[in-house]
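Structure file my_file_33.cif (mmCIF, C-alpha atoms) is printed below.
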```cif
data_entry
loop_
_atom_site.label_atom_id
_atom_site.label_comp_id
_atom_site.auth_asym_id
_atom_site.auth_seq_id
_atom_site.Cartn_x
_atom_site.Cartn_y
_atom_site.Cartn_z
CA MET A 274 109.15 12.80 208.30
CA LEU A 275 108.24 10.49 211.19
CA SER A 276 110.88 7.92 212.09
CA PRO A 277 109.88 4.28 211.47
CA ILE A 278 109.73 3.56 215.23
CA LEU A 279 107.54 6.60 216.00
CA PHE A 280 105.30 5.88 213.01
CA PHE A 281 104.61 2.37 214.14
CA THR A 282 104.04 3.50 217.69
CA LEU A 283 101.26 5.68 216.34
CA PHE A 284 99.93 3.35 213.68
CA PHE A 285 100.31 -0.14 215.10
CA GLY A 286 100.11 0.46 218.86
CA LEU A 287 98.01 -2.05 220.80
CA ALA A 288 95.35 -1.13 223.30
CA ALA A 289 98.00 -1.04 226.02
CA GLY A 290 99.99 1.48 223.98
CA GLN A 291 102.93 -0.85 223.35
CA ASN A 292 104.88 -0.58 220.10
CA THR A 293 104.55 -3.67 217.91
CA GLY A 294 106.97 -2.77 215.09
CA THR A 295 110.75 -2.60 214.93
CA THR A 296 113.12 -1.86 212.06
CA SER A 297 116.43 -3.45 211.14
CA ASP A 298 118.28 -1.86 208.22
CA GLN A 299 115.57 -1.76 205.49
CA TRP A 300 113.34 -4.38 207.09
CA LEU A 301 110.34 -3.93 209.31
CA ILE A 302 109.24 -6.60 211.76
CA THR A 303 105.61 -6.20 212.75
CA LEU A 304 102.62 -8.47 213.38
CA ASN A 305 105.06 -11.41 213.41
CA THR A 306 105.99 -10.60 209.80
CA SER A 307 109.08 -9.12 208.15
CA ILE A 308 108.44 -6.76 205.26
CA PHE A 309 110.83 -4.79 203.10
CA TRP A 310 110.91 -1.20 204.36
CA PRO A 311 112.99 0.99 202.02
CA THR A 312 114.56 4.22 203.19
CA SER A 313 114.77 7.17 200.82
CA THR A 314 118.45 7.86 201.41
CA ASN A 315 119.31 4.55 199.73
CA TYR A 316 117.65 5.62 196.45
CA TYR A 317 119.22 8.86 195.36
CA TYR A 318 119.41 8.47 191.59
CA GLY A 319 121.56 11.49 190.95
CA PRO A 320 123.30 14.34 192.78
CA THR A 321 122.09 15.49 196.21
CA THR A 322 123.47 19.00 195.68
CA GLY A 323 123.03 21.43 192.83
CA PRO A 324 120.06 22.19 190.55
CA GLN A 325 118.98 18.52 190.21
CA ALA A 326 119.04 17.77 193.93
CA SER A 327 115.38 18.62 194.64
CA ALA A 328 114.12 16.27 191.91
CA VAL A 329 116.46 13.49 193.05
CA SER A 330 115.30 13.87 196.68
CA CYS A 331 111.64 14.06 195.63
CA ASN A 332 111.93 10.87 193.59
CA ALA A 333 113.68 9.12 196.50
CA ALA A 334 110.79 10.08 198.79
CA TRP A 335 108.27 8.62 196.33
CA VAL A 336 110.33 5.45 195.95
CA GLU A 337 110.32 5.08 199.73
CA TYR A 338 106.57 5.70 199.92
CA ALA A 339 105.72 3.26 197.13
CA GLY A 340 107.91 0.52 198.57
CA ARG A 341 106.47 0.91 202.06
CA SER A 342 102.90 0.95 200.68
CA THR A 343 103.56 -2.36 198.92
CA GLY A 344 104.91 -3.87 202.11
CA LEU A 345 101.96 -2.76 204.22
CA ARG A 346 99.44 -4.04 201.68
CA SER A 347 101.09 -7.43 201.90
CA LEU A 348 99.90 -7.58 205.53
CA GLY A 349 96.32 -7.73 204.28
CA SER A 350 93.37 -5.42 204.55
CA THR A 351 92.29 -3.69 207.74
CA ALA A 352 88.62 -3.04 207.00
CA THR A 353 86.03 -2.49 204.32
CA THR A 354 83.68 0.41 203.75
CA THR A 355 80.42 0.43 201.85
CA SER A 356 78.69 3.25 200.05
CA LEU A 357 75.52 3.55 198.00
CA GLY A 358 75.39 4.78 194.42
CA SER A 359 72.70 5.13 191.81
CA TYR A 360 72.27 5.34 188.05
CA ALA A 361 69.45 6.29 185.73
CA THR A 362 67.37 3.50 184.22
CA SER A 363 64.80 3.36 181.46
CA GLU A 364 62.39 0.77 180.16
CA GLY A 365 60.29 0.78 177.04
CA ALA A 366 60.59 2.89 173.90
CA CYS A 367 62.40 5.83 175.44
CA ARG A 368 64.63 6.42 172.41
CA THR A 369 64.19 5.82 168.71
CA SER A 370 66.57 5.42 165.82
CA VAL A 371 65.55 5.72 162.16
CA SER A 372 67.68 4.16 159.43
CA LEU A 373 67.45 2.35 156.13
CA GLU A 374 66.92 -1.41 156.35
CA ASP A 375 69.92 -3.74 156.24
CA TRP A 376 70.52 -7.49 156.24
CA SER A 377 69.27 -7.94 159.83
CA ASN A 378 65.83 -6.37 159.20
CA THR A 379 62.69 -8.00 157.89
CA HIS A 380 61.63 -6.61 154.53
CA ALA A 381 57.97 -5.69 154.85
CA GLY A 382 57.47 -4.97 151.16
CA PRO A 383 57.01 -7.32 148.20
CA LEU A 384 59.48 -10.11 147.45
CA THR A 385 60.16 -12.09 144.32
CA THR A 386 62.25 -15.10 143.31
CA LEU A 387 63.51 -15.20 139.73
CA CYS A 388 65.23 -17.92 137.73
CA ASP A 389 68.35 -17.77 139.91
CA ASP A 390 66.26 -18.90 142.95
CA ALA A 391 67.56 -15.96 145.01
CA PRO A 392 64.84 -14.10 146.94
CA ARG A 393 64.81 -10.38 146.18
CA ALA A 394 63.25 -7.39 147.86
CA LEU A 395 61.39 -5.26 145.36
CA GLY A 396 61.56 -1.52 145.49
CA PRO A 397 63.91 0.81 147.33
CA ARG A 398 65.17 0.11 150.84
CA GLU A 399 62.59 0.71 153.51
CA THR A 400 62.91 2.94 156.53
CA VAL A 401 63.31 1.06 159.81
CA THR A 402 62.59 2.53 163.22
CA ALA A 403 64.28 0.91 166.21
CA TYR A 404 63.23 1.50 169.80
CA TYR A 405 65.57 1.51 172.80
CA PRO A 406 65.94 -0.07 175.24
CA GLY A 407 62.74 -1.95 174.39
CA THR A 408 59.14 -1.52 173.37
CA GLY A 409 56.05 -0.29 175.18
CA PRO A 410 55.58 2.77 177.38
CA CYS A 411 58.75 4.58 178.43
CA VAL A 412 59.40 4.38 182.17
CA THR A 413 62.44 6.10 183.69
CA GLY A 414 63.85 5.88 187.16
CA TYR A 415 66.95 5.20 189.23
CA SER A 416 68.57 2.01 190.44
CA THR A 417 70.87 1.84 193.46
CA PHE A 418 73.94 -0.28 194.01
CA THR A 419 76.39 -0.93 196.83
CA ASN A 420 80.07 -0.15 196.33
CA THR A 421 82.51 -1.92 198.65
CA GLU A 422 86.02 -0.54 199.15
CA THR A 423 88.81 -2.47 200.87
CA LEU A 424 91.10 -0.48 203.19
CA TYR A 425 94.79 -1.17 203.67
CA ARG A 426 97.50 0.24 205.90
CA GLU A 427 99.30 3.19 204.31
CA PRO A 428 102.56 4.86 205.34
CA THR A 429 102.59 8.51 206.29
CA PRO A 430 103.19 11.16 205.32
CA VAL A 431 102.57 11.21 201.57
CA PRO A 432 105.34 13.14 199.77
CA ASP A 433 104.14 16.65 198.93
CA CYS A 434 106.53 17.24 196.03
CA THR A 435 105.86 16.70 192.30
CA LEU A 436 108.09 15.51 189.50
CA GLN A 437 108.28 16.77 185.92
CA THR A 438 109.09 14.69 182.86
CA SER A 439 112.14 16.77 182.02
CA GLU A 440 113.52 16.31 185.55
CA CYS A 441 113.07 12.55 185.37
CA ILE A 442 115.11 11.91 182.23
CA ALA A 443 118.40 11.84 184.15
CA ILE A 444 116.81 9.88 187.04
CA TRP A 445 115.57 7.13 184.73
CA SER A 446 118.95 6.99 183.02
CA THR A 447 120.76 6.62 186.36
CA TRP A 448 118.33 3.95 187.55
CA SER A 449 118.77 2.02 184.31
CA THR A 450 122.56 2.05 184.70
CA LEU A 451 122.38 0.97 188.35
CA SER A 452 119.85 -1.78 187.59
CA SER A 453 121.98 -3.15 184.77
CA SER A 454 125.06 -3.26 186.99
CA TRP A 455 123.10 -4.93 189.79
CA ARG A 456 121.68 -7.63 187.47
CA ASP A 457 125.17 -8.36 186.16
CA SER A 458 126.45 -8.81 189.72
CA ILE A 459 123.97 -11.44 190.92
CA VAL A 460 123.08 -15.00 190.01
CA THR A 461 119.60 -15.10 191.51
CA SER A 462 117.40 -12.26 192.71
CA THR A 463 116.30 -12.31 196.36
CA PRO A 464 113.01 -10.57 197.28
CA GLY A 465 113.74 -7.42 199.24
CA ASP A 466 117.39 -7.28 198.21
CA THR A 467 118.42 -3.92 199.64
CA ASN A 468 121.14 -3.54 197.00
CA SER A 469 118.72 -3.63 194.07
CA PRO A 470 117.59 -0.25 192.71
CA ILE A 471 113.84 0.31 192.98
CA ARG A 472 112.16 1.47 189.80
CA PRO A 473 111.21 5.18 190.00
CA GLY A 474 107.61 4.50 189.04
CA ASP A 475 106.27 7.91 190.15
CA CYS A 476 108.72 9.75 187.91
CA PRO A 477 106.95 10.52 184.61
CA GLN A 478 108.67 9.14 181.52
CA THR A 479 108.93 10.51 178.04
CA THR A 480 107.00 8.51 175.46
CA ARG A 481 109.18 5.81 174.01
CA GLU A 482 109.75 6.31 170.34
CA TYR A 483 110.18 3.66 167.68
CA PRO A 484 111.62 5.48 164.69
CA GLU A 485 110.72 4.20 161.24
CA GLU A 486 113.30 4.68 158.52
CA ASN A 487 110.88 4.74 155.58
CA PRO A 488 107.12 4.19 156.15
CA CYS A 489 106.58 4.26 152.38
CA SER A 490 108.58 1.07 151.86
CA ASN A 491 105.79 -1.03 153.42
CA CYS A 492 102.49 0.82 153.51
CA HIS A 493 98.79 0.72 152.68
CA PHE A 494 96.08 3.13 151.60
CA LEU A 495 93.34 4.49 153.85
CA PRO A 496 90.54 5.92 151.71
CA GLY A 497 87.49 7.73 153.01
CA THR A 498 84.08 7.39 151.37
CA ALA A 499 84.27 6.45 147.72
CA THR A 500 81.99 6.80 144.71
CA LEU A 501 82.43 5.04 141.37
CA PHE A 502 81.02 7.00 138.45
CA TYR A 503 80.46 4.68 135.48
CA TRP A 504 78.78 4.63 132.08
CA PRO A 505 75.75 2.32 131.92
CA VAL A 506 76.07 -0.86 129.87
CA THR A 507 72.98 -2.00 128.00
CA THR A 508 72.40 -5.60 126.92
CA ALA A 509 69.82 -7.34 124.80
CA SER A 510 68.49 -10.92 124.79
CA GLY A 511 70.36 -13.50 126.88
CA ASP A 512 69.35 -15.06 130.17
CA LEU A 513 68.03 -12.57 132.69
CA CYS A 514 69.70 -14.31 135.62
CA LEU A 515 72.94 -15.24 133.91
CA GLN A 516 73.10 -11.75 132.44
CA ASP A 517 74.81 -13.09 129.35
CA GLY A 518 73.00 -10.87 126.86
CA THR A 519 74.66 -9.12 123.97
CA THR A 520 76.17 -5.78 124.88
CA LEU A 521 74.77 -2.96 122.81
CA PRO A 522 77.49 -0.58 121.65
CA ALA A 523 77.27 3.05 122.65
CA SER A 524 76.33 5.54 119.96
CA GLY A 525 79.54 7.42 120.63
CA PRO A 526 81.65 9.03 123.28
CA SER A 527 79.78 11.12 125.82
CA THR A 528 80.74 13.60 128.48
CA ALA A 529 79.19 14.26 131.84
CA LEU A 530 79.58 17.35 133.96
CA VAL A 531 79.85 16.42 137.63
CA ASP A 532 80.28 19.29 140.07
CA GLY A 533 82.21 21.27 137.51
CA SER A 534 84.45 18.42 136.34
CA THR A 535 84.07 16.82 132.92
CA PHE A 536 83.99 13.02 132.73
CA ILE A 537 84.42 11.36 129.32
CA SER A 538 83.28 7.88 128.32
CA PRO A 539 84.27 5.10 128.37
CA THR A 540 86.61 6.00 131.28
CA VAL A 541 85.18 5.44 134.78
CA TYR A 542 86.01 7.71 137.70
CA LEU A 543 86.69 6.76 141.31
CA SER A 544 86.14 9.65 143.71
CA PHE A 545 87.48 9.81 147.28
CA THR A 546 86.34 12.29 149.90
CA SER A 547 89.77 11.72 151.44
CA ILE A 548 92.69 9.33 151.06
CA TYR A 549 96.08 8.94 152.70
CA ALA A 550 98.64 6.16 153.26
CA TRP A 551 100.21 4.70 156.37
CA SER A 552 102.93 2.27 157.36
CA ASN A 553 102.01 -1.42 157.65
CA ARG A 554 103.83 -1.69 160.99
CA ARG A 555 101.54 -3.18 163.66
CA ALA A 556 103.71 -3.85 166.73
CA HIS A 557 104.47 -0.15 167.26
CA PRO A 558 102.80 3.00 166.00
CA GLY A 559 103.67 3.55 162.37
CA SER A 560 104.07 6.74 160.40
CA GLN A 561 102.26 8.36 157.53
CA CYS A 562 103.51 7.96 153.99
CA GLY A 563 103.02 11.12 151.95
CA ILE A 564 100.29 13.63 152.80
CA ASP A 565 96.50 13.74 153.13
CA HIS A 566 94.50 14.25 149.93
CA SER A 567 90.89 15.46 149.87
CA ASN A 568 88.18 15.41 147.19
CA THR A 569 90.31 13.45 144.76
CA VAL A 570 89.17 11.72 141.57
CA ILE A 571 91.15 9.24 139.50
CA ALA A 572 90.34 8.21 135.95
CA VAL A 573 90.37 4.41 135.44
CA ASN A 574 90.07 2.06 132.48
CA PRO A 575 86.76 0.23 133.10
CA GLU A 576 88.29 -3.08 132.01
CA THR A 577 90.73 -2.98 134.93
CA VAL A 578 88.20 -2.32 137.70
CA THR A 579 88.13 -5.28 140.12
CA SER A 580 85.76 -6.16 142.94
CA MET A 581 86.92 -8.00 146.07
CA ARG A 582 84.26 -10.42 147.29
CA GLY A 583 84.30 -11.35 150.94
CA HIS A 584 86.84 -8.64 151.83
CA ARG A 585 86.94 -7.03 155.28
CA ASN A 586 89.15 -4.14 156.27
CA GLY A 587 91.06 -3.94 159.53
CA ARG A 588 94.43 -3.98 161.20
CA TYR A 589 94.48 -7.64 160.24
CA PRO A 590 92.34 -7.56 157.09
CA VAL A 591 90.49 -10.45 155.48
CA ILE A 592 91.70 -10.25 151.90
CA GLY A 593 88.88 -10.98 149.48
CA THR A 594 88.82 -12.77 146.15
CA GLU A 595 89.28 -10.72 142.99
CA TYR A 596 86.62 -10.73 140.30
CA PRO A 597 86.35 -8.62 137.14
CA PHE A 598 83.65 -5.98 137.13
CA ASN A 599 80.63 -6.47 134.89
CA PHE A 600 78.86 -3.13 134.60
CA ALA A 601 75.93 -4.81 132.83
CA GLU A 602 74.89 -6.19 136.24
CA PHE A 603 73.81 -2.68 137.21
CA MET A 604 71.45 -2.31 134.24
CA PRO A 605 67.91 -1.62 135.52
CA HIS A 606 65.17 -4.16 134.76
CA GLU A 607 61.41 -3.84 135.07
CA ILE A 608 60.07 -6.30 137.66
CA GLY A 609 56.35 -5.81 137.99
CA GLU A 610 55.79 -2.25 139.17
CA TYR A 611 59.44 -1.74 140.06
CA THR A 612 62.59 -0.90 138.15
CA GLN A 613 65.88 -2.01 139.65
CA SER A 614 69.13 -3.79 138.88
CA LEU A 615 69.42 -7.55 139.34
CA ILE A 616 72.70 -8.13 141.13
CA PRO A 617 73.59 -11.87 141.05
CA TRP A 618 73.67 -13.62 144.41
CA PRO A 619 77.45 -14.41 144.51
CA GLN A 620 78.29 -10.76 143.86
CA TYR A 621 75.75 -9.53 146.39
CA ARG A 622 76.83 -11.98 149.09
CA GLY A 623 80.44 -10.89 148.72
CA GLY A 624 79.64 -7.18 148.97
CA ALA A 625 80.35 -4.82 151.83
CA GLN A 626 76.71 -4.82 153.01
CA CYS A 627 76.86 -8.52 154.04
CA PRO A 628 78.80 -9.48 157.19
CA ILE A 629 81.26 -12.35 156.90
CA PRO A 630 82.07 -15.12 157.63
CA ASP A 631 78.59 -15.81 159.02
CA GLU A 632 76.70 -17.54 156.21
CA ASN A 633 73.36 -16.88 157.94
CA THR A 634 73.41 -13.18 157.07
CA CYS A 635 71.90 -11.60 153.95
CA SER A 636 69.09 -14.06 153.32
CA LEU A 637 67.74 -11.96 150.44
CA ILE A 638 69.01 -9.44 147.90
CA ARG A 639 68.11 -5.84 148.66
CA ASP A 640 68.68 -2.66 146.72
CA ASP A 641 71.77 -1.81 148.80
CA TYR A 642 74.66 -3.51 147.01
CA MET A 643 78.04 -1.89 147.70
CA PRO A 644 80.94 -3.74 146.09
CA ASN A 645 84.38 -3.58 147.63
CA VAL A 646 86.62 -2.27 144.87
CA LEU A 647 90.32 -3.09 144.72
CA LEU A 648 92.11 0.24 144.59
CA PRO A 649 93.22 0.70 140.98
CA GLU A 650 96.86 1.04 140.05
CA GLU A 651 96.11 4.68 139.20
CA VAL A 652 95.74 5.46 142.91
CA ARG A 653 99.55 5.47 143.19
CA GLY A 654 99.64 8.57 141.00
CA ILE A 655 97.93 10.70 143.64
CA ASP A 656 101.09 10.94 145.75
CA ALA A 657 104.71 10.48 144.69
CA GLY A 658 105.50 8.35 147.76
CA TRP A 659 102.80 5.71 147.17
CA THR A 660 104.54 3.53 144.60
CA ALA A 661 105.04 0.58 147.00
CA CYS A 662 101.82 0.73 149.07
CA ASP A 663 99.49 -2.29 149.27
CA ARG A 664 96.26 -1.77 147.31
CA ASP A 665 94.30 -4.60 148.93
CA TRP A 666 94.73 -4.02 152.68
CA TYR A 667 92.09 -1.37 153.32
CA ILE A 668 89.78 -0.87 150.36
CA PRO A 669 86.57 1.14 150.04
CA PRO A 670 83.03 -0.09 149.56
CA VAL A 671 81.81 2.14 146.75
CA THR A 672 78.53 3.79 145.89
CA MET A 673 77.77 3.17 142.21
CA VAL A 674 76.55 6.21 140.29
CA ALA A 675 75.49 5.87 136.64
CA LEU A 676 76.47 8.84 134.48
CA ASP A 677 73.09 9.04 132.79
CA ARG A 678 71.24 10.32 135.84
CA ASP A 679 68.90 13.24 135.24
CA GLU A 680 70.79 15.57 137.52
CA ILE A 681 74.05 15.05 135.64
CA ILE A 682 74.55 16.92 132.36
CA ILE A 683 75.52 14.66 129.42
CA THR A 684 76.29 15.93 125.90
CA PRO A 685 77.80 14.02 122.94
CA THR A 686 81.35 15.22 122.23
CA PRO A 687 84.34 14.09 120.22
CA GLU A 688 86.47 11.59 122.07
CA SER A 689 89.34 13.18 124.01
CA GLU A 690 91.59 12.50 126.92
CA VAL A 691 90.89 13.64 130.46
CA GLY A 692 93.22 13.53 133.42
CA ARG A 693 92.64 13.26 137.14
CA SER A 694 90.59 16.13 138.51
CA ALA A 695 89.39 17.22 141.92
CA ALA A 696 85.65 16.63 141.90
CA VAL A 697 83.38 16.08 144.85
CA PRO A 698 80.63 13.40 144.63
CA GLN A 699 77.18 14.92 144.70
CA GLY A 700 75.61 15.22 148.12
CA GLY A 701 74.17 12.03 149.55
CA LEU A 702 75.80 9.67 147.04
CA ALA A 703 78.53 8.29 149.25
CA PRO A 704 77.70 6.64 152.61
CA SER A 705 80.01 6.90 155.58
CA MET A 706 82.89 4.46 155.86
CA PRO A 707 83.41 2.69 159.21
CA GLU A 708 85.38 4.93 161.52
CA VAL A 709 88.98 3.81 161.74
CA THR A 710 91.83 4.59 164.07
CA ARG A 711 94.12 6.92 162.18
CA GLY A 712 97.36 5.26 161.28
CA TRP A 713 96.77 1.59 160.64
#
```
What's the structure tokens form of this structure?
Amino acid sequence: MLSPILFFTLFFGLAAGQNTGTTSDQWLITLNTSIFWPTSTNYYYGPTTGPQASAVSCNAAWVEYAGRSTGLRSLGSTATTTSLGSYATSEGACRTSVSLEDWSNTHAGPLTTLCDDAPRALGPRETVTAYYPGTGPCVTGYSTFTNTETLYREPTPVPDCTLQTSECIAIWSTWSTLSSSWRDSIVTSTPGDTNSPIRPGDCPQTTREYPEENPCSNCHFLPGTATLFYWPVTTASGDLCLQDGTTLPASGPSTALVDGSTFISPTVYLSFTSIYAWSNRRAHPGSQCGIDHSNTVIAVNPETVTSMRGHRNGRYPVIGTEYPFNFAEFMPHEIGEYTQSLIPWPQYRGGAQCPIPDENTCSLIRDDYMPNVLLPEEVRGIDAGWTACDRDWYIPPVTMVALDRDEIIITPTPESEVGRSAAVPQGGLAPSMPEVTRGW
């Protein structure tokens, strides 16, 4: 390695060839400025002989280099360089995206307003085509830009050795002990104090762990896509908008065969493509409670099913307001040439398809209602470790599927009990949940 005097003769020499830098202990005086100039031999964090010596010496060289780089950068930049770059550009309808309409789209089809004064879109959701980045003919090209880089003085040479994580465990431990002793020995810290250990920042560290004694003691559920299979409720008379008609009793218990599993009325069934539970800890990465479960169905008493209006999932969730489920709201009605359910406005506005808290969204009711359903108490029975997990932190918006659909087999049977079974919702019934970071 070049000595400090020789280095500065080469690096900072004036036109006349005179040296402009001198060193004193671990200080460099140059350009009328004193900067801290560490020397590697003062930063051996471990033995200098034996099997660990090479790693200790390598780390000391990197400590020296990093400290000298910081000092030289404090002198300011020496020059700037410019370079040209380019990136692809496009204008007009170069890409398209086709999706079903949502709250932000204009409904092109017929509308109606019934006795509840809520505007409704008639018919199924329309297909919407979006164009990117704009409209009109597609024009592609390239745009150039100028990149400016600032240059600083750098010490030479750069250490040519590398450090491994396993080698650095003892180095970090030694540095920590030395730093603690140094802090205990001083009242105030002086910049450039040559007695203070310099942090071995180029020595890779092991990931710091934050062990969790029992993630199941404070946890929450993380369901995938969910489908609620229910038995239709039929009403007669009553106000169409208030939906306060008289419920017509079913002729008797029925069964439905769904992907090989038998569902029996009046029980409703909540199906998850996947579900697992995780610690509630936010400050540090938490741990999983229990195991992953796939294609799981739980049987639920329909009288205990609860919707959560205005709920939003997240690391810091917006907990919604609980309301009892009224399955009669999903009964289809004939409106002109269309047949569809008439979801009341408060229920629709609080569903998963309407963003909150912006009250300007969802200006009309579409045929896309997805209620957020509070996870039933029965969800705890899926895994033995889930007895204490929160049911209202991350809850699923559900696709509602009536069990009298043509593609589902229904036959009258004597009433009997049915337990939880592993059934998969039929293809296309359950939309994708928002992608979440695993473990929150």
- Message: Could you tell me, as a ChimeraX atom specification, exactly which residues end up selected when the PyMOL selection byres ((chain A and resi 476-478) around 12) is applied to this structure?
- Response: /A:318,328-336,339,434-446,448,471-475,479-482
Could those residues be written to a file, using C-alpha atoms, as a compact mmCIF listing (two decimals), in the coordinates of the input?
```txt
# COMPACT_ATOMS: atom_id res chain seq x y z
CA TYR A 318 119.41 8.47 191.59
CA ALA A 328 114.12 16.27 191.91
CA VAL A 329 116.46 13.49 193.05
CA SER A 330 115.30 13.87 196.68
CA CYS A 331 111.64 14.06 195.63
CA ASN A 332 111.93 10.87 193.59
CA ALA A 333 113.68 9.12 196.50
CA ALA A 334 110.79 10.08 198.79
CA TRP A 335 108.27 8.62 196.33
CA VAL A 336 110.33 5.45 195.95
CA ALA A 339 105.72 3.26 197.13
CA CYS A 434 106.53 17.24 196.03
CA THR A 435 105.86 16.70 192.30
CA LEU A 436 108.09 15.51 189.50
CA GLN A 437 108.28 16.77 185.92
CA THR A 438 109.09 14.69 182.86
CA SER A 439 112.14 16.77 182.02
CA GLU A 440 113.52 16.31 185.55
CA CYS A 441 113.07 12.55 185.37
CA ILE A 442 115.11 11.91 182.23
CA ALA A 443 118.40 11.84 184.15
CA ILE A 444 116.81 9.88 187.04
CA TRP A 445 115.57 7.13 184.73
CA SER A 446 118.95 6.99 183.02
CA TRP A 448 118.33 3.95 187.55
CA ILE A 471 113.84 0.31 192.98
CA ARG A 472 112.16 1.47 189.80
CA PRO A 473 111.21 5.18 190.00
CA GLY A 474 107.61 4.50 189.04
CA ASP A 475 106.27 7.91 190.15
CA THR A 479 108.93 10.51 178.04
CA THR A 480 107.00 8.51 175.46
CA ARG A 481 109.18 5.81 174.01
CA GLU A 482 109.75 6.31 170.34
```
- Item | Resolved residues for the PyMOL selection byres ((chain A and resi 576) around 12) as number ranges by chain | A: 503, 539-541, 573-575, 577-580, 596-600, 649
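Residues in contact with segment 351-365 of chain A at 8 Å, where all atoms listed in the file are counted and same-chain residues fewer than 2 positions away are skipped, are listed as Gly349, Cys367, Tyr404, Tyr405, Pro406, Gly407, Thr408, Gly409, Pro410, Cys411, Val412, Thr413, Gly414, Tyr415, Ser416, Thr417, Phe418, Thr419, Asn420, Thr421, Glu422, Thr423, Leu424, Tyr425 and Arg426 of chain A.
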Using the selection just defined, write its residues with C-alpha atoms as a PDB file, keeping the file's coordinate frame.
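Final output, saved to result.pdb:
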```
ATOM      1  CA  GLY A 349      96.320  -7.730 204.280  1.00  0.00           C
ATOM      2  CA  CYS A 367      62.400   5.830 175.440  1.00  0.00           C
ATOM      3  CA  TYR A 404      63.230   1.500 169.800  1.00  0.00           C
ATOM      4  CA  TYR A 405      65.570   1.510 172.800  1.00  0.00           C
ATOM      5  CA  PRO A 406      65.940  -0.070 175.240  1.00  0.00           C
ATOM      6  CA  GLY A 407      62.740  -1.950 174.390  1.00  0.00           C
ATOM      7  CA  THR A 408      59.140  -1.520 173.370  1.00  0.00           C
ATOM      8  CA  GLY A 409      56.050  -0.290 175.180  1.00  0.00           C
ATOM      9  CA  PRO A 410      55.580   2.770 177.380  1.00  0.00           C
ATOM     10  CA  CYS A 411      58.750   4.580 178.430  1.00  0.00           C
ATOM     11  CA  VAL A 412      59.400   4.380 182.170  1.00  0.00           C
ATOM     12  CA  THR A 413      62.440   6.100 183.690  1.00  0.00           C
ATOM     13  CA  GLY A 414      63.850   5.880 187.160  1.00  0.00           C
ATOM     14  CA  TYR A 415      66.950   5.200 189.230  1.00  0.00           C
ATOM     15  CA  SER A 416      68.570   2.010 190.440  1.00  0.00           C
ATOM     16  CA  THR A 417      70.870   1.840 193.460  1.00  0.00           C
ATOM     17  CA  PHE A 418      73.940  -0.280 194.010  1.00  0.00           C
ATOM     18  CA  THR A 419      76.390  -0.930 196.830  1.00  0.00           C
ATOM     19  CA  ASN A 420      80.070  -0.150 196.330  1.00  0.00           C
ATOM     20  CA  THR A 421      82.510  -1.920 198.650  1.00  0.00           C
ATOM     21  CA  GLU A 422      86.020  -0.540 199.150  1.00  0.00           C
ATOM     22  CA  THR A 423      88.810  -2.470 200.870  1.00  0.00           C
ATOM     23  CA  LEU A 424      91.100  -0.480 203.190  1.00  0.00           C
ATOM     24  CA  TYR A 425      94.790  -1.170 203.670  1.00  0.00           C
ATOM     25  CA  ARG A 426      97.500   0.240 205.900  1.00  0.00           C
TER      26      ARG A 426
END
```
- Just so the selection is clear, what residues does the PyMOL selection byres ((chain A and resi 400) around 9) cover here, as a ChimeraX atom specification? /A:371-374,398-399,401-402
- Message: Using Å and a single decimal, report how far atom CA of His584 of chain A sits from atom CA of Gly518 of chain A.
- Response: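 Pair atom CA of Gly518 of chain A / atom CA of His584 of chain A returns 28.6 Å.
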